[in-house]
file target.csv (CSV, C-alpha atoms and all ligand atoms)
chain,number,residue,atom,x,y,z
A,1,MET,CA,17.2,23.7,7.7
A,2,LYS,CA,15.0,26.1,5.8
A,3,ASP,CA,12.4,23.6,4.4
A,4,LEU,CA,11.7,19.9,4.9
A,5,LEU,CA,10.4,18.0,1.8
A,6,TYR,CA,12.6,14.9,1.6
A,7,LEU,CA,14.6,13.0,4.1
A,8,LYS,CA,17.3,12.3,1.5
A,9,ASP,CA,18.1,16.1,1.7
A,10,LEU,CA,19.3,15.6,5.3
A,11,ARG,CA,22.7,14.4,6.5
A,12,LYS,CA,23.1,11.8,9.2
A,13,ASP,CA,24.2,14.4,11.8
A,14,GLU,CA,21.2,16.5,11.0
A,15,ILE,CA,18.8,13.6,11.5
A,16,ASN,CA,20.6,12.7,14.7
A,17,GLU,CA,20.2,16.3,15.9
A,18,ILE,CA,16.4,16.1,15.2
A,19,LEU,CA,16.1,12.8,17.0
A,20,ASP,CA,18.1,14.0,20.0
A,21,LEU,CA,16.0,17.2,20.2
A,22,SER,CA,12.8,15.0,20.0
A,23,ASP,CA,14.0,12.9,22.9
A,24,HIS,CA,14.7,16.1,24.8
A,25,TYR,CA,11.1,17.2,24.3
A,26,LEU,CA,9.8,13.8,25.3
A,27,ASN,CA,11.9,13.8,28.5
A,28,SER,CA,10.5,17.1,29.6
A,29,LYS,CA,8.5,17.1,32.9
A,30,SER,CA,6.1,19.7,31.7
A,31,PRO,CA,4.5,20.1,28.2
A,32,HIS,CA,4.5,23.9,28.8
A,33,GLU,CA,8.3,24.1,29.4
A,34,PHE,CA,8.9,25.2,25.7
A,35,GLY,CA,6.0,27.5,25.3
A,36,ASN,CA,8.2,30.5,24.5
A,37,LEU,CA,10.3,29.0,21.7
A,38,LEU,CA,7.9,30.0,18.9
A,39,LYS,CA,5.9,32.6,20.7
A,40,ASN,CA,3.9,34.9,18.4
A,41,GLN,CA,4.8,32.8,15.3
A,42,SER,CA,2.0,31.8,12.9
A,43,ILE,CA,2.0,28.5,11.1
A,44,ALA,CA,-0.6,27.4,8.5
A,45,ASN,CA,-1.8,23.8,8.0
A,46,LEU,CA,-2.9,23.3,4.4
A,47,PHE,CA,-4.1,19.7,4.0
A,48,PHE,CA,-5.4,18.8,0.6
A,49,GLU,CA,-5.7,15.1,1.5
A,50,PRO,CA,-7.3,13.7,4.7
A,51,SER,CA,-5.3,13.3,7.8
A,52,THR,CA,-5.8,12.6,11.5
A,53,ARG,CA,-2.3,12.0,13.1
A,54,THR,CA,-0.1,14.4,11.1
A,55,SER,CA,-2.5,17.3,11.1
A,56,ALA,CA,-3.3,17.0,14.8
A,57,SER,CA,0.2,16.4,15.9
A,58,PHE,CA,1.5,19.4,14.0
A,59,GLN,CA,-1.2,21.4,15.8
A,60,VAL,CA,-0.2,20.0,19.2
A,61,ALA,CA,3.5,20.6,18.5
A,62,ALA,CA,2.9,24.2,17.4
A,63,LYS,CA,0.8,24.9,20.6
A,64,ARG,CA,3.5,23.4,22.9
A,65,LEU,CA,6.0,25.7,21.3
A,66,GLY,CA,3.8,28.8,21.7
A,67,ALA,CA,2.9,29.2,18.0
A,68,GLU,CA,-0.6,29.7,16.6
A,69,THR,CA,-1.9,27.4,13.9
A,70,ILE,CA,-4.2,28.6,11.1
A,71,ILE,CA,-6.1,25.6,9.6
A,72,ILE,CA,-7.2,25.9,6.0
A,73,ASP,CA,-9.8,23.3,5.2
A,74,GLU,CA,-9.7,22.9,1.4
A,75,LYS,CA,-13.4,22.2,1.1
A,76,LYS,CA,-14.4,25.4,3.0
A,77,SER,CA,-11.6,27.6,1.6
A,78,SER,CA,-11.5,29.9,-1.4
A,79,ALA,CA,-9.8,27.0,-3.3
A,80,THR,CA,-13.4,26.0,-4.0
A,81,LYS,CA,-13.8,29.4,-5.8
A,82,GLY,CA,-10.8,28.7,-8.0
A,83,GLU,CA,-7.9,30.2,-6.0
A,84,THR,CA,-4.6,28.5,-6.6
A,85,ILE,CA,-2.5,27.1,-3.7
A,86,LEU,CA,0.2,29.7,-4.6
A,87,ASP,CA,-2.2,32.5,-4.2
A,88,THR,CA,-3.6,31.1,-1.0
A,89,ILE,CA,0.0,31.0,0.4
A,90,ARG,CA,0.8,34.5,-0.8
A,91,ASN,CA,-2.3,35.8,1.0
A,92,LEU,CA,-1.4,34.0,4.2
A,93,LYS,CA,2.2,35.3,3.9
A,94,ALA,CA,0.8,38.8,3.7
A,95,MET,CA,-0.9,38.1,7.1
A,96,GLY,CA,2.5,37.2,8.6
A,97,VAL,CA,2.5,33.4,8.3
A,98,LYS,CA,6.1,32.1,8.2
A,99,ALA,CA,5.7,28.3,7.8
A,100,PHE,CA,3.3,26.2,5.7
A,101,ILE,CA,2.7,22.6,6.5
A,102,ILE,CA,1.3,21.1,3.3
A,103,ARG,CA,-0.2,17.7,2.5
A,104,THR,CA,-0.9,17.2,-1.2
A,105,GLY,CA,-1.7,14.4,-3.7
A,106,ASP,CA,-0.1,16.6,-6.4
A,107,LYS,CA,3.3,15.4,-7.5
A,108,ASN,CA,4.1,18.7,-9.1
A,109,LEU,CA,3.3,21.2,-6.3
A,110,PHE,CA,6.4,21.6,-4.2
A,111,LYS,CA,9.0,22.5,-6.9
A,112,PRO,CA,7.2,25.7,-8.2
A,113,LEU,CA,6.2,26.6,-4.6
A,114,ILE,CA,9.8,26.5,-3.4
A,115,LYS,CA,10.8,28.8,-6.3
A,116,ASP,CA,8.1,31.3,-5.2
A,117,MET,CA,9.0,31.3,-1.5
A,118,GLY,CA,11.3,34.0,-0.1
A,119,SER,CA,14.1,33.1,2.3
A,120,ASP,CA,11.8,34.0,5.2
A,121,THR,CA,9.1,31.5,4.3
A,122,HIS,CA,9.3,27.8,5.1
A,123,LEU,CA,7.6,24.7,3.6
A,124,ILE,CA,7.2,21.5,5.5
A,125,SER,CA,5.8,18.4,3.7
A,126,ALA,CA,3.1,16.6,5.6
A,127,GLY,CA,2.8,14.0,2.8
A,128,GLU,CA,3.3,14.4,-0.9
A,129,SER,CA,1.4,11.9,-3.0
A,130,SER,CA,3.2,8.5,-3.0
A,131,ILE,CA,6.6,10.3,-2.9
A,132,SER,CA,7.5,11.6,0.5
A,133,HIS,CA,6.3,11.9,4.2
A,134,PRO,CA,9.5,13.2,5.9
A,135,THR,CA,8.2,13.7,9.4
A,136,GLN,CA,6.7,10.2,9.4
A,137,GLY,CA,10.1,8.9,8.4
A,138,LEU,CA,11.7,10.8,11.3
A,139,LEU,CA,9.2,9.6,13.9
A,140,ASP,CA,9.7,6.0,12.6
A,141,LEU,CA,13.5,6.4,12.9
A,142,LEU,CA,13.1,7.8,16.4
A,143,THR,CA,10.9,4.9,17.5
A,144,ILE,CA,13.4,2.4,16.1
A,145,ARG,CA,16.3,4.1,17.8
A,146,GLN,CA,14.5,4.2,21.1
A,147,GLU,CA,13.6,0.5,20.9
A,148,LYS,CA,16.8,-0.9,19.3
A,149,GLY,CA,19.5,1.6,20.1
A,150,SER,CA,21.1,1.8,16.7
A,151,PHE,CA,20.3,1.1,13.0
A,152,GLU,CA,23.3,-0.5,11.3
A,153,ASP,CA,22.9,-4.2,12.2
A,154,LEU,CA,19.1,-4.4,12.2
A,155,LYS,CA,16.9,-6.2,9.8
A,156,VAL,CA,14.0,-3.9,9.0
A,157,VAL,CA,11.0,-5.4,7.0
A,158,ILE,CA,8.5,-3.2,5.3
A,159,MET,CA,5.4,-5.2,4.3
A,160,GLY,CA,2.3,-4.2,2.4
A,161,ASP,CA,1.3,-1.8,-0.4
A,162,ILE,CA,4.8,-0.4,-0.9
A,163,SER,CA,4.3,0.9,-4.4
A,164,HIS,CA,1.8,3.5,-3.3
A,165,SER,CA,3.5,4.3,0.0
A,166,ARG,CA,5.2,7.7,0.8
A,167,VAL,CA,5.8,6.3,4.3
A,168,ALA,CA,8.0,3.5,2.8
A,169,ARG,CA,9.9,5.9,0.5
A,170,SER,CA,10.8,8.3,3.4
A,171,LEU,CA,11.7,5.5,5.8
A,172,MET,CA,13.9,4.0,3.1
A,173,GLU,CA,15.7,7.3,2.6
A,174,GLY,CA,16.2,7.6,6.4
A,175,LEU,CA,17.4,4.0,6.9
A,176,ASP,CA,19.9,4.5,4.0
A,177,ILE,CA,21.3,7.6,5.6
A,178,MET,CA,21.5,5.8,9.0
A,179,ASN,CA,23.4,2.9,7.2
A,180,THR,CA,20.9,0.1,7.9
A,181,LYS,CA,22.3,-2.9,6.2
A,182,ASN,CA,19.3,-5.1,5.8
A,183,VAL,CA,16.0,-3.6,4.6
A,184,THR,CA,13.6,-6.2,3.1
A,185,LEU,CA,10.4,-5.3,1.3
A,186,ILE,CA,7.6,-7.8,1.2
A,187,SER,CA,4.6,-7.4,-1.0
A,188,PRO,CA,2.6,-9.2,-3.7
A,189,GLU,CA,3.8,-8.4,-7.3
A,190,GLU,CA,0.9,-5.9,-7.6
A,191,PHE,CA,2.4,-3.7,-4.8
A,192,LYS,CA,6.1,-4.1,-5.7
A,193,PRO,CA,7.6,-0.6,-5.9
A,194,GLU,CA,9.9,0.8,-8.5
A,195,MET,CA,13.2,-0.6,-7.1
A,196,ARG,CA,15.2,2.4,-8.2
A,197,PHE,CA,13.7,4.1,-5.1
A,198,PHE,CA,14.8,1.2,-2.9
A,199,GLN,CA,18.2,0.4,-4.4
A,200,SER,CA,19.8,-1.0,-1.2
A,201,ALA,CA,16.7,-3.1,-0.2
A,202,ASN,CA,15.9,-6.7,-0.9
A,203,TYR,CA,12.5,-7.7,-2.4
A,204,GLU,CA,10.6,-10.8,-1.4
A,205,LYS,CA,7.1,-12.0,-2.4
A,206,ASP,CA,6.9,-14.7,0.3
A,207,PRO,CA,6.3,-13.3,3.8
A,208,LYS,CA,7.6,-16.6,5.3
A,209,LYS,CA,11.0,-16.1,3.8
A,210,GLY,CA,11.1,-12.3,4.2
A,211,LEU,CA,10.1,-12.1,7.8
A,212,SER,CA,12.6,-14.5,9.2
A,213,ASP,CA,14.8,-12.9,11.9
A,214,ALA,CA,13.4,-9.5,11.4
A,215,ASP,CA,14.1,-6.9,14.2
A,216,VAL,CA,11.5,-4.4,13.0
A,217,ILE,CA,8.4,-4.9,11.0
A,218,VAL,CA,6.5,-2.0,9.5
A,219,THR,CA,3.1,-3.0,8.1
A,220,LEU,CA,1.4,-0.8,5.5
A,221,ARG,CA,-2.2,-0.2,4.6
A,222,VAL,CA,-3.6,-1.0,1.1
A,223,GLN,CA,-4.1,2.5,-0.3
A,224,LYS,CA,-7.4,1.9,-2.1
A,225,GLU,CA,-7.6,5.7,-2.9
A,226,ARG,CA,-4.5,5.5,-5.0
A,227,ILE,CA,-5.3,2.3,-6.9
A,228,GLU,CA,-7.1,2.4,-10.3
A,229,SER,CA,-9.6,-0.5,-10.5
A,230,SER,CA,-7.9,-1.7,-13.7
A,231,GLU,CA,-4.5,-1.7,-12.1
A,232,ASN,CA,-5.1,-4.4,-9.5
A,233,SER,CA,-6.8,-7.8,-9.7
A,234,LEU,CA,-6.0,-8.8,-6.1
A,235,SER,CA,-8.9,-8.9,-3.7
A,236,LEU,CA,-8.5,-7.6,-0.1
A,237,GLU,CA,-9.4,-11.2,1.0
A,238,GLN,CA,-6.6,-12.7,-1.0
A,239,TYR,CA,-4.3,-10.0,0.2
A,240,SER,CA,-5.1,-10.5,3.9
A,241,ASN,CA,-4.8,-14.3,3.6
A,242,HIS,CA,-1.2,-14.0,2.4
A,243,TYR,CA,0.1,-10.7,3.8
A,244,GLN,CA,-1.7,-9.9,7.0
A,245,LEU,CA,0.7,-9.6,9.9
A,246,SER,CA,-0.9,-12.3,12.2
A,247,GLU,CA,0.5,-13.9,15.3
A,248,ASP,CA,1.8,-16.8,13.2
A,249,LYS,CA,3.8,-14.5,10.9
A,250,LEU,CA,5.1,-12.4,13.8
A,251,GLY,CA,6.4,-15.7,15.2
A,252,LEU,CA,8.8,-15.9,12.2
A,253,CYS,CA,10.5,-12.6,13.3
A,254,LYS,CA,13.0,-12.3,16.2
A,255,PRO,CA,11.2,-12.8,19.6
A,256,ASP,CA,11.9,-9.2,20.5
A,257,ALA,CA,10.9,-7.7,17.1
A,258,ILE,CA,8.8,-4.6,17.2
A,259,VAL,CA,5.7,-4.0,15.2
A,260,MET,CA,5.1,-0.6,13.6
A,261,HIS,CA,2.3,0.9,11.5
A,262,PRO,CA,2.0,4.5,10.4
A,263,GLY,CA,-1.8,4.5,10.6
A,264,PRO,CA,-4.5,4.6,9.7
A,265,MET,CA,-4.8,0.8,10.3
A,266,ASN,CA,-7.3,-1.4,8.5
A,267,ARG,CA,-7.6,-4.0,11.2
A,268,GLY,CA,-8.2,-7.5,9.9
A,269,ILE,CA,-6.6,-6.7,6.5
A,270,GLU,CA,-2.9,-5.8,6.8
A,271,ILE,CA,-2.7,-6.5,10.6
A,272,SER,CA,-4.6,-8.6,13.0
A,273,ASP,CA,-6.2,-7.1,16.1
A,274,HIS,CA,-4.1,-9.3,18.3
A,275,VAL,CA,-0.8,-8.1,16.8
A,276,ALA,CA,-1.9,-4.4,16.6
A,277,ASP,CA,-2.7,-4.4,20.3
A,278,GLY,CA,-0.1,-6.9,21.4
A,279,LYS,CA,3.0,-6.4,23.5
A,280,GLN,CA,5.4,-6.1,20.6
A,281,SER,CA,3.3,-3.3,19.0
A,282,VAL,CA,4.9,0.2,19.3
A,283,ILE,CA,2.2,1.8,17.1
A,284,LEU,CA,0.9,4.3,19.7
A,285,LYS,CA,4.5,5.1,20.7
A,286,GLN,CA,5.0,6.2,17.1
A,287,VAL,CA,2.1,8.5,17.5
A,288,GLU,CA,3.5,10.0,20.7
A,289,ASN,CA,6.9,10.4,19.1
A,290,GLY,CA,5.2,12.2,16.2
A,291,VAL,CA,4.4,15.2,18.4
A,292,ALA,CA,8.0,15.4,19.6
A,293,VAL,CA,9.5,15.0,16.2
A,294,ARG,CA,7.3,17.8,14.8
A,295,MET,CA,8.2,20.0,17.7
A,296,ALA,CA,11.9,19.4,16.8
A,297,VAL,CA,11.3,20.1,13.1
A,298,LEU,CA,9.4,23.3,13.8
A,299,THR,CA,12.1,24.5,16.2
A,300,GLN,CA,15.0,23.6,13.8
A,301,ILE,CA,13.3,25.5,11.0
A,302,LEU,CA,11.7,28.5,12.8
A,303,ASN,CA,13.8,29.1,15.9
B,401,LIG,N1,0.6,8.4,9.3
B,401,LIG,C1,-0.2,9.4,8.8
B,401,LIG,O1,0.2,10.2,7.9
B,401,LIG,O2,-1.5,9.4,9.3
B,401,LIG,P1,-2.6,10.5,8.9
B,401,LIG,O3,-2.9,10.3,7.4
B,401,LIG,O4,-3.7,10.3,9.8
B,401,LIG,O5,-2.0,11.9,9.0

call {"tool": "encode", "arguments": {"input": "target.csv", "output": "structure tokens"}}
result
Amino acid sequence: MKDLLYLKDLRKDEINEILDLSDHYLNSKSPHEFGNLLKNQSIANLFFEPSTRTSASFQVAAKRLGAETIIIDEKKSSATKGETILDTIRNLKAMGVKAFIIRTGDKNLFKPLIKDMGSDTHLISAGESSISHPTQGLLDLLTIRQEKGSFEDLKVVIMGDISHSRVARSLMEGLDIMNTKNVTLISPEEFKPEMRFFQSANYEKDPKKGLSDADVIVTLRVQKERIESSENSLSLEQYSNHYQLSEDKLGLCKPDAIVMHPGPMNRGIEISDHVADGKQSVILKQVENGVAVRMAVLTQILN
């Protein structure tokens, strides 16, 4: 694996290898056990959209593997003086940086960047607009595999603002590769995605119908930052009345269903406090898994 931009570029055995390696890191008795694997390597975090979990967990992952992370804050960088991302990367490459972890809202950034990179430079997407978030997809798969053992016979429900969600796109790519037979998308018409990206999934507007017998439910935030005011007439109050994952709605799923959320959560809108903090929630386990998955991705790419 040279770069990681889209889960659909990986084969099932490659995904299983990353998940197995992530479990191996999680089962380690000491977080310092792997501190030599990427010793003396330099990794750059370039985040052109806000992040808490992805940015921090890539930093923790790099440190546990012995690499150093250079953090470029767009607002304090020479991007404010007109430097292009390509020039920023070329300059960091000249300093010996081998891997670039990039989050961008620009749908046309990665293709030209990939062309410009040599064989010794690696790109990892930390989130590309509403298109892709591959390491989130991998940590979601890891969490589902740990909790449910396998993927094939599960009913996985993704509920919320699916049309703006890179998390939903990457998870769908991953679930398809792992042969999950029943993926159901639930959203109001306003957040229905382009179904060509979800060809094997079912779509349902009514949560009561879509949630029945679910094994896994992934709730998604309403991405206000990606919604034009003219595009959507649905108020957050209307949305939460119908689509909030509340105790009642969770009761429609299987009794051992797990509740997932990529974060950040908007409590009281897409998910109730009670469900977010309840015993079926694996939301913080996803975050813990995020460090291990990112360690595995960095190792597969750089070691
Ligand atoms: N899940 C996720 O991408 O969270 P951040 O935006 O905080 O990185």

call {"tool": "residues_near_ligand", "arguments": {"input": "target.csv", "ligand": "ligand LIG 401 (chain B)", "cutoff": "6 Å", "atoms": "only C-alpha atoms and all ligand atoms", "output": "MDAnalysis selection string"}}
result
chainID A and resid 51:55 262:264

call {"tool": "closest_residue", "arguments": {"input": "target.csv", "among": "A:Leu298, A:Leu7, A:Met172, A:Ile271", "to": "Ser240 of chain A", "atoms": "all atoms listed in the file"}}
result
A:Ile271

call {"tool": "closest_residue", "arguments": {"input": "target.csv", "among": "A:Phe151, A:Phe198, A:Tyr239, A:Phe58", "to": "Val287 of chain A", "atoms": "only C-alpha atoms"}}
result
A:Phe58

call {"tool": "residues_around", "arguments": {"input": "target.csv", "residues": "segment 121-130 of chain A", "least_positions_apart": "6", "cutoff": "7 Å", "atoms": "only C-alpha atoms", "output": "PyMOL selection string"}}
result
chain A and resi 2-5+54+98-107+164-166

call {"tool": "atom_distance", "arguments": {"input": "target.csv", "atom1": "atom CA of Asp140 of chain A", "atom2": "atom CA of Glu288 of chain A"}}
result
11.0 Å

call {"tool": "atom_distance", "arguments": {"input": "target.csv", "atom1": "atom CA of Lys209 of chain A", "atom2": "atom CA of Ser187 of chain A"}}
result
11.8 Å

call {"tool": "atom_distance", "arguments": {"input": "target.csv", "atom1": "atom CA of Lys39 of chain A", "atom2": "atom CA of Ser78 of chain A"}}
result
28.3 Å

call {"tool": "closest_residue", "arguments": {"input": "target.csv", "among": "A:Val293, A:Leu38, A:Ile70, A:Met159", "to": "Val97 of chain A", "atoms": "all atoms listed in the file"}}
result
A:Ile70

call {"tool": "residues_around", "arguments": {"input": "target.csv", "residues": "Ala214 of chain A", "least_positions_apart": "2", "cutoff": "7 Å", "atoms": "all atoms listed in the file", "output": "number ranges by chain"}}
result
A: 155-157, 211-212, 216-217, 253-254, 257

call {"tool": "closest_residue", "arguments": {"input": "target.csv", "among": "A:Leu113, A:Ile258, A:Leu236, A:Leu142", "to": "Ala276 of chain A", "atoms": "only C-alpha atoms"}}
result
A:Ile258

call {"tool": "closest_residue", "arguments": {"input": "target.csv", "among": "A:Lys115, A:Arg226, A:Arg294, A:Lys76", "to": "Leu26 of chain A", "atoms": "only C-alpha atoms"}}
result
A:Arg294
